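Source file coords_37.csv; content: CSV, C-alpha atoms.
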chain,number,residue,atom,x,y,z
A,1,MET,CA,13.5,17.2,-17.1
A,2,ALA,CA,15.1,13.9,-16.4
A,3,PHE,CA,16.4,11.5,-13.8
A,4,THR,CA,19.9,12.5,-12.7
A,5,GLU,CA,20.5,10.7,-9.4
A,6,SER,CA,19.2,8.2,-6.9
A,7,ARG,CA,18.0,9.6,-3.6
A,8,VAL,CA,16.0,9.1,-0.4
A,9,PHE,CA,13.1,11.6,0.1
A,10,ARG,CA,14.1,14.1,2.7
A,11,GLN,CA,10.5,14.4,4.0
A,12,THR,CA,10.3,10.7,4.5
A,13,ILE,CA,13.3,10.7,6.9
A,14,ALA,CA,11.8,13.7,8.8
A,15,ASP,CA,8.3,12.0,9.0
A,16,VAL,CA,9.7,8.7,10.3
A,17,LEU,CA,12.0,10.4,12.9
A,18,GLY,CA,9.2,12.7,13.9
A,19,ASN,CA,6.6,9.9,14.1
A,20,THR,CA,4.4,11.7,11.6
A,21,THR,CA,4.1,8.5,9.6
A,22,ALA,CA,4.0,4.9,10.8
A,23,MET,CA,6.2,3.7,8.0
A,24,ASP,CA,7.6,0.3,8.7
A,25,LEU,CA,10.0,-0.6,5.9
A,26,ASP,CA,10.5,-4.3,6.7
A,27,ALA,CA,6.8,-5.0,7.5
A,28,ASP,CA,4.8,-2.8,5.2
A,29,THR,CA,4.1,-3.6,1.6
A,30,LEU,CA,6.6,-1.7,-0.4
A,31,LYS,CA,6.4,-1.5,-4.2
A,32,ALA,CA,8.7,-0.6,-7.1
A,33,ALA,CA,7.1,1.4,-9.9
A,34,LEU,CA,8.9,2.1,-13.2
A,35,TYR,CA,9.1,5.4,-14.9
A,36,GLY,CA,10.4,6.9,-18.1
A,37,ASN,CA,12.6,10.0,-18.4
A,38,SER,CA,9.8,12.6,-18.8
A,39,ILE,CA,9.8,13.4,-15.1
A,40,THR,CA,12.2,15.3,-12.8
A,41,PRO,CA,12.5,13.6,-9.4
A,42,ASP,CA,13.3,15.8,-6.5
A,43,ARG,CA,14.4,14.6,-3.1
A,44,ASP,CA,13.1,17.8,-1.4
A,45,VAL,CA,9.4,17.5,-2.3
A,46,SER,CA,6.7,17.3,0.2
A,47,ALA,CA,5.5,14.0,1.5
A,48,ALA,CA,2.3,14.4,-0.6
A,49,ASN,CA,4.4,14.9,-3.7
A,50,SER,CA,6.7,12.0,-3.1
A,51,ALA,CA,3.7,9.6,-3.2
A,52,TYR,CA,2.9,7.2,-6.0
A,53,ASN,CA,0.5,8.9,-8.5
A,54,ALA,CA,1.3,12.4,-7.1
A,55,GLY,CA,3.6,15.1,-8.1
A,56,GLN,CA,6.3,13.9,-10.6
A,57,TRP,CA,5.1,10.3,-9.9
A,58,VAL,CA,1.7,10.5,-11.6
A,59,THR,CA,0.8,7.5,-13.6
A,60,GLY,CA,1.3,9.5,-16.9
A,61,GLY,CA,5.0,8.9,-16.5
A,62,GLU,CA,4.7,5.4,-15.3
A,63,LEU,CA,5.7,2.4,-17.5
A,64,THR,CA,3.8,-0.8,-17.2
A,65,SER,CA,3.3,-4.1,-18.9
A,66,SER,CA,-0.1,-5.7,-18.4
A,67,GLY,CA,0.0,-8.7,-16.1
A,68,GLN,CA,3.8,-8.5,-16.0
A,69,TRP,CA,4.8,-5.3,-14.3
A,70,ALA,CA,1.4,-3.9,-13.3
A,71,ALA,CA,0.5,-0.3,-12.7
A,72,GLY,CA,1.4,0.6,-9.2
A,73,GLY,CA,4.5,-1.6,-9.4
A,74,VAL,CA,5.8,-4.9,-8.1
A,75,ALA,CA,6.0,-5.6,-4.4
A,76,LEU,CA,9.4,-6.0,-2.8
A,77,SER,CA,10.2,-9.2,-0.9
A,78,SER,CA,12.7,-10.1,1.8
A,79,LYS,CA,12.9,-6.5,3.0
A,80,THR,CA,15.4,-5.7,5.7
A,81,VAL,CA,16.7,-2.7,7.6
A,82,THR,CA,20.3,-3.3,8.8
A,83,THR,CA,23.4,-1.6,10.1
A,84,PRO,CA,26.0,-3.3,8.0
A,85,SER,CA,29.0,-1.2,8.9
A,86,ALA,CA,30.1,1.8,11.0
A,87,GLY,CA,28.0,4.8,10.4
A,88,VAL,CA,25.6,3.1,7.9
A,89,VAL,CA,22.0,2.2,8.0
A,90,MET,CA,20.8,0.2,5.0
A,91,PHE,CA,17.5,-0.9,3.5
A,92,ASP,CA,17.5,-3.8,1.1
A,93,ALA,CA,15.3,-6.4,-0.5
A,94,ALA,CA,15.4,-9.3,-2.9
A,95,ASP,CA,15.8,-8.5,-6.6
A,96,THR,CA,12.5,-7.6,-8.2
A,97,SER,CA,11.3,-9.2,-11.4
A,98,SER,CA,8.5,-8.9,-13.9
A,99,GLY,CA,6.6,-11.9,-15.3
A,100,ALA,CA,8.2,-13.8,-18.1
A,101,THR,CA,6.5,-12.0,-21.0
A,102,ALA,CA,6.9,-8.3,-20.2
A,103,THR,CA,7.4,-5.6,-22.8
A,104,LEU,CA,8.7,-2.3,-21.5
A,105,THR,CA,10.5,0.5,-23.4
A,106,GLY,CA,12.6,3.4,-22.0
A,107,VAL,CA,12.7,2.5,-18.3
A,108,TYR,CA,14.9,5.1,-16.7
A,109,GLY,CA,14.1,4.9,-13.0
A,110,VAL,CA,12.2,3.3,-10.1
A,111,LEU,CA,10.1,4.8,-7.4
A,112,VAL,CA,10.0,2.8,-4.1
A,113,TYR,CA,7.0,3.6,-2.1
A,114,ASP,CA,5.0,2.4,0.9
A,115,ASP,CA,1.8,0.8,-0.4
A,116,THR,CA,0.5,0.0,3.1
A,117,LEU,CA,0.3,3.7,4.3
A,118,THR,CA,-3.0,5.4,4.0
A,119,THR,CA,-2.5,8.3,6.3
A,120,PRO,CA,-1.3,11.0,6.6
A,121,VAL,CA,-0.1,10.5,3.1
A,122,ALA,CA,-1.2,7.4,1.2
A,123,ASP,CA,1.5,5.6,-0.8
A,124,GLN,CA,4.3,7.9,0.5
A,125,GLY,CA,7.5,7.6,-1.4
A,126,VAL,CA,10.7,6.2,0.2
A,127,CYS,CA,13.3,6.7,-2.4
A,128,TYR,CA,13.9,6.8,-6.2
A,129,THR,CA,16.6,5.2,-8.2
A,130,TYR,CA,18.1,6.4,-11.5
A,131,LEU,CA,19.0,3.4,-13.7
A,132,GLY,CA,21.5,5.3,-15.8
A,133,GLY,CA,19.8,5.2,-19.2
A,134,ALA,CA,17.0,3.7,-21.2
A,135,ASN,CA,16.3,0.0,-20.5
A,136,ASN,CA,14.0,-2.1,-22.6
A,137,VAL,CA,12.6,-5.6,-22.6
A,138,THR,CA,10.5,-7.4,-25.2
A,139,THR,CA,8.4,-10.4,-24.4
A,140,GLY,CA,10.8,-11.3,-21.6
A,141,THR,CA,11.8,-10.8,-18.0
A,142,PHE,CA,12.7,-7.4,-16.6
A,143,THR,CA,14.7,-7.7,-13.4
A,144,VAL,CA,15.8,-4.9,-11.1
A,145,ILE,CA,19.0,-6.1,-9.4
A,146,TRP,CA,19.3,-4.0,-6.2
A,147,ASN,CA,22.9,-3.0,-5.4
A,148,ALA,CA,24.9,-4.9,-2.8
A,149,ASN,CA,25.0,-1.7,-0.9
A,150,GLY,CA,21.2,-1.7,-0.6
A,151,ILE,CA,18.2,0.0,-2.2
A,152,PHE,CA,19.2,3.0,0.0
A,153,ARG,CA,21.7,3.7,2.7
A,154,ILE,CA,22.0,6.5,5.2
A,155,THR,CA,25.4,7.5,6.3
A,156,VAL,CA,25.6,9.1,9.8
B,157,MET,CA,21.0,-17.6,-17.2
B,158,VAL,CA,20.2,-19.0,-20.6
B,159,GLN,CA,18.7,-22.5,-21.0
B,160,ALA,CA,20.9,-25.0,-22.8
B,161,GLY,CA,20.1,-25.2,-26.5
B,162,VAL,CA,18.5,-21.7,-26.7
B,163,LYS,CA,20.2,-19.4,-29.3
B,164,ALA,CA,20.9,-16.2,-27.5
B,165,LYS,CA,23.1,-13.1,-27.4
B,166,VAL,CA,24.1,-11.7,-24.0
B,167,GLU,CA,25.4,-8.1,-23.9
B,168,ALA,CA,26.4,-5.9,-21.1
B,169,PHE,CA,25.6,-2.2,-21.3
B,170,VAL,CA,27.6,0.6,-19.6
B,171,ARG,CA,25.8,3.4,-17.7
B,172,GLU,CA,24.9,6.2,-20.1
B,173,ASP,CA,25.2,9.1,-17.7
B,174,TYR,CA,27.4,10.5,-14.9
B,175,ILE,CA,27.6,8.4,-11.7
B,176,GLY,CA,27.5,11.5,-9.5
B,177,ARG,CA,26.8,10.4,-5.9
B,178,ASP,CA,25.1,7.2,-6.9
B,179,ILE,CA,26.7,3.9,-5.7
B,180,VAL,CA,26.7,1.8,-8.9
B,181,ALA,CA,27.7,-1.7,-9.9
B,182,LEU,CA,31.1,-2.0,-11.6
B,183,ASP,CA,32.2,-4.6,-14.1
B,184,ASP,CA,35.6,-6.3,-13.9
B,185,SER,CA,37.2,-3.4,-15.7
B,186,GLY,CA,35.8,-0.9,-13.3
B,187,ARG,CA,33.2,0.5,-15.7
B,188,PRO,CA,29.7,1.3,-14.3
B,189,ILE,CA,27.5,-1.4,-15.6
B,190,MET,CA,23.9,-0.5,-16.3
B,191,SER,CA,22.3,-3.7,-17.5
B,192,VAL,CA,22.7,-7.1,-19.1
B,193,VAL,CA,20.4,-7.9,-22.0
B,194,THR,CA,19.8,-11.4,-23.3
B,195,THR,CA,18.4,-11.4,-26.9
B,196,ARG,CA,16.6,-14.6,-27.9
B,197,ASP,CA,14.8,-15.4,-31.2
B,198,ASP,CA,11.5,-14.7,-29.5
B,199,GLY,CA,12.3,-11.7,-27.3
B,200,THR,CA,14.7,-10.1,-24.8
B,201,ASP,CA,15.4,-10.2,-21.1
B,202,CYS,CA,16.9,-7.3,-19.3
B,203,ALA,CA,18.6,-7.4,-15.9
B,204,VAL,CA,19.2,-3.8,-14.8
B,205,PHE,CA,21.7,-3.0,-12.0
B,206,ALA,CA,20.0,-0.4,-9.8
B,207,PRO,CA,22.3,2.0,-8.0
B,208,THR,CA,21.9,2.6,-4.3
B,209,ALA,CA,20.0,5.7,-3.3
B,210,THR,CA,21.8,7.7,-0.7
B,211,ALA,CA,21.2,10.0,2.2
B,212,SER,CA,24.1,11.5,4.0
B,213,THR,CA,24.9,13.9,6.8
B,214,ASN,CA,27.7,15.5,4.9
Just dump the structure as structure tokens.
Amino acid sequence: MAFTESRVFRQTIADVLGNTTAMDLDADTLKAALYGNSITPDRDVSAANSAYNAGQWVTGGELTSSGQWAAGGVALSSKTVTTPSAGVVMFDAADTSSGATATLTGVYGVLVYDDTLTTPVADQGVCYTYLGGANNVTTGTFTVIWNANGIFRITV
Amino acid sequence: MVQAGVKAKVEAFVREDYIGRDIVALDDSGRPIMSVVTTRDDGTDCAVFAPTATASTN
């Protein structure tokens, strides 16, 4: 049981392409929630089990710091969907930071989910990111610096 | 960034696991960098370099 990789949820792609969900990545409120390493993310789960506070993403595994990185996560800003190069679709946003006095221990991964969606699946997951190990902050700022290649990218 | 006059230690930490298919940030030596931690007398800051999640047709 652990994070091992960073992936887009398969069902999210299918639901967007099939118009099952009205997910709008650059207009909806998307949030980044932090998790420890007691969960086992799976890109192939159902839409319901990709959602925040469902499946592997229940709040029991979530890491929060009161008033700094709240339960439910921090909202992404400056979200964009672009086609930066041949064969690539990319979703990106500005780096995401806590308040200045956060205390978090053992942050291994991030769930990005759509907080605007209420139906057919509320808070459906978009993707998850494995941070590569345990990350900690004590009475300081925790910042997720999204990769220059985006939060996620699809190669066609 | 550390404010002038503040005693601090700045350390870079290498990723602790395989890269696999993840697209990660690399340092000047080509090592996968996980985070930069700034330790002050009254706390720490952590900037973590999130890999890119991927979906591919191959």
Contacts of Lys31 of chain A at 6 Å (only C-alpha atoms; same-chain gap of 3+ positions) as an NGL selection string: :A and (73-76 or 112-113)
Protein and nucleic acid residues near (1.5, 8.7, 7.1) (cut-off 6 Å, all atoms listed in the file) as an MDAnalysis selection string: chainID A and resid 21:22 117 119:121
Could you list, as an mmCIF file with C-alpha atoms, in the frame of the given file, every residue within 9 Å of Asp115 of chain A, counting all atoms listed in the file and ignoring same-chain residues fewer than 2 positions away?
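Ended up saving to part-v1.cif:
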data_model
loop_
_atom_site.group_PDB
_atom_site.id
_atom_site.type_symbol
_atom_site.label_atom_id
_atom_site.label_comp_id
_atom_site.auth_asym_id
_atom_site.auth_seq_id
_atom_site.Cartn_x
_atom_site.Cartn_y
_atom_site.Cartn_z
ATOM 1 C CA ASP A 28 4.800 -2.800 5.200
ATOM 2 C CA THR A 29 4.100 -3.600 1.600
ATOM 3 C CA LEU A 30 6.600 -1.700 -0.400
ATOM 4 C CA LYS A 31 6.400 -1.500 -4.200
ATOM 5 C CA TYR A 52 2.900 7.200 -6.000
ATOM 6 C CA GLY A 72 1.400 0.600 -9.200
ATOM 7 C CA ALA A 75 6.000 -5.600 -4.400
ATOM 8 C CA TYR A 113 7.000 3.600 -2.100
ATOM 9 C CA LEU A 117 0.300 3.700 4.300
ATOM 10 C CA THR A 118 -3.000 5.400 4.000
ATOM 11 C CA ALA A 122 -1.200 7.400 1.200
ATOM 12 C CA ASP A 123 1.500 5.600 -0.800
ATOM 13 C CA GLN A 124 4.300 7.900 0.500
ATOM 14 C CA GLY A 125 7.500 7.600 -1.400
#
Quick one: which residues from chain A are at most 8 Å off chain B, using all atoms listed in the file, as a PDB file with C-alpha atoms, keeping the file's coordinate frame?
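And here is the file that came out, iface-v7.pdb:
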ATOM      1  CA  GLU A   5      20.500  10.700  -9.400  1.00  0.00           C
ATOM      2  CA  SER A   6      19.200   8.200  -6.900  1.00  0.00           C
ATOM      3  CA  ARG A   7      18.000   9.600  -3.600  1.00  0.00           C
ATOM      4  CA  VAL A   8      16.000   9.100  -0.400  1.00  0.00           C
ATOM      5  CA  CYS A 127      13.300   6.700  -2.400  1.00  0.00           C
ATOM      6  CA  TYR A 128      13.900   6.800  -6.200  1.00  0.00           C
ATOM      7  CA  THR A 129      16.600   5.200  -8.200  1.00  0.00           C
ATOM      8  CA  TYR A 130      18.100   6.400 -11.500  1.00  0.00           C
ATOM      9  CA  LEU A 131      19.000   3.400 -13.700  1.00  0.00           C
ATOM     10  CA  GLY A 132      21.500   5.300 -15.800  1.00  0.00           C
ATOM     11  CA  GLY A 133      19.800   5.200 -19.200  1.00  0.00           C
ATOM     12  CA  ASN A 135      16.300   0.000 -20.500  1.00  0.00           C
ATOM     13  CA  ASN A 136      14.000  -2.100 -22.600  1.00  0.00           C
ATOM     14  CA  VAL A 137      12.600  -5.600 -22.600  1.00  0.00           C
ATOM     15  CA  THR A 138      10.500  -7.400 -25.200  1.00  0.00           C
ATOM     16  CA  THR A 139       8.400 -10.400 -24.400  1.00  0.00           C
ATOM     17  CA  GLY A 140      10.800 -11.300 -21.600  1.00  0.00           C
ATOM     18  CA  THR A 141      11.800 -10.800 -18.000  1.00  0.00           C
ATOM     19  CA  PHE A 142      12.700  -7.400 -16.600  1.00  0.00           C
ATOM     20  CA  THR A 143      14.700  -7.700 -13.400  1.00  0.00           C
ATOM     21  CA  VAL A 144      15.800  -4.900 -11.100  1.00  0.00           C
ATOM     22  CA  ILE A 145      19.000  -6.100  -9.400  1.00  0.00           C
ATOM     23  CA  TRP A 146      19.300  -4.000  -6.200  1.00  0.00           C
ATOM     24  CA  ASN A 147      22.900  -3.000  -5.400  1.00  0.00           C
ATOM     25  CA  ASN A 149      25.000  -1.700  -0.900  1.00  0.00           C
ATOM     26  CA  GLY A 150      21.200  -1.700  -0.600  1.00  0.00           C
ATOM     27  CA  ILE A 151      18.200   0.000  -2.200  1.00  0.00           C
ATOM     28  CA  PHE A 152      19.200   3.000   0.000  1.00  0.00           C
ATOM     29  CA  ARG A 153      21.700   3.700   2.700  1.00  0.00           C
ATOM     30  CA  ILE A 154      22.000   6.500   5.200  1.00  0.00           C
ATOM     31  CA  THR A 155      25.400   7.500   6.300  1.00  0.00           C
ATOM     32  CA  VAL A 156      25.600   9.100   9.800  1.00  0.00           C
TER      33      VAL A 156
END
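The spacing separating atom CA of Thr96 of chain A from atom CA of Gly67 of chain A amounts to 14.8 Å.
The protein and nucleic acid residues lying at most 7 Å from Trp69 of chain A are Thr64, Ser65, Ser66, Gly73, Val74, Ser98, Gly99 and Ala102 of chain A, with only C-alpha atoms considered and sequence neighbours fewer than 3 positions away removed.
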Would you mind exporting C-alpha atoms of the selected residues as a PDB file, keeping the file's coordinate frame?
ATOM      1  CA  THR A  64       3.800  -0.800 -17.200  1.00  0.00           C
ATOM      2  CA  SER A  65       3.300  -4.100 -18.900  1.00  0.00           C
ATOM      3  CA  SER A  66      -0.100  -5.700 -18.400  1.00  0.00           C
ATOM      4  CA  GLY A  73       4.500  -1.600  -9.400  1.00  0.00           C
ATOM      5  CA  VAL A  74       5.800  -4.900  -8.100  1.00  0.00           C
ATOM      6  CA  SER A  98       8.500  -8.900 -13.900  1.00  0.00           C
ATOM      7  CA  GLY A  99       6.600 -11.900 -15.300  1.00  0.00           C
ATOM      8  CA  ALA A 102       6.900  -8.300 -20.200  1.00  0.00           C
TER       9      ALA A 102
END
Interatomic distance (Å, one decimal) between atom CA of Gln68 of chain A and atom CA of Val158 of chain B: 20.0 Å
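Among the candidates A:Thr4, A:Ser85, A:Thr105, A:Ser77, the residue lying nearest to Ala27 of chain A is A:Ser77 (atoms considered: all atoms listed in the file).
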Selection as a ChimeraX atom specification: residues within 8 Å of (22.4, -16.9, -31.4), counting all atoms listed in the file: /B:162-165,196-197
Tell me which protein, DNA and RNA residues are within 8 Å of Thr80 of chain A, counting all atoms listed in the file, leaving out same-chain ones fewer than 3 positions away, and put them as a tab-separated table (two decimals) with C-alpha atoms, in the frame of the given file.
chain	number	residue	atom	x	y	z
A	25	LEU	CA	10.00	-0.60	5.90
A	26	ASP	CA	10.50	-4.30	6.70
A	91	PHE	CA	17.50	-0.90	3.50
A	92	ASP	CA	17.50	-3.80	1.10
A	93	ALA	CA	15.30	-6.40	-0.50
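Between atom CA of Ala48 of chain A and atom CA of Ala33 of chain A the interatomic distance comes to 16.7 Å.
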All residues 10 Å or closer to Val58 of chain A, only C-alpha atoms, same chain fewer than 5 positions away omitted, as a list of chain:residue names: A:Tyr35, A:Ile39, A:Asn49, A:Ser50, A:Ala51, A:Tyr52, A:Asn53
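With all atoms listed in the file as the basis for measurement, A:Met23 is the residue among A:Ser38, A:Val81, A:Met23, A:Leu17 that approaches Asp114 of chain A most closely.
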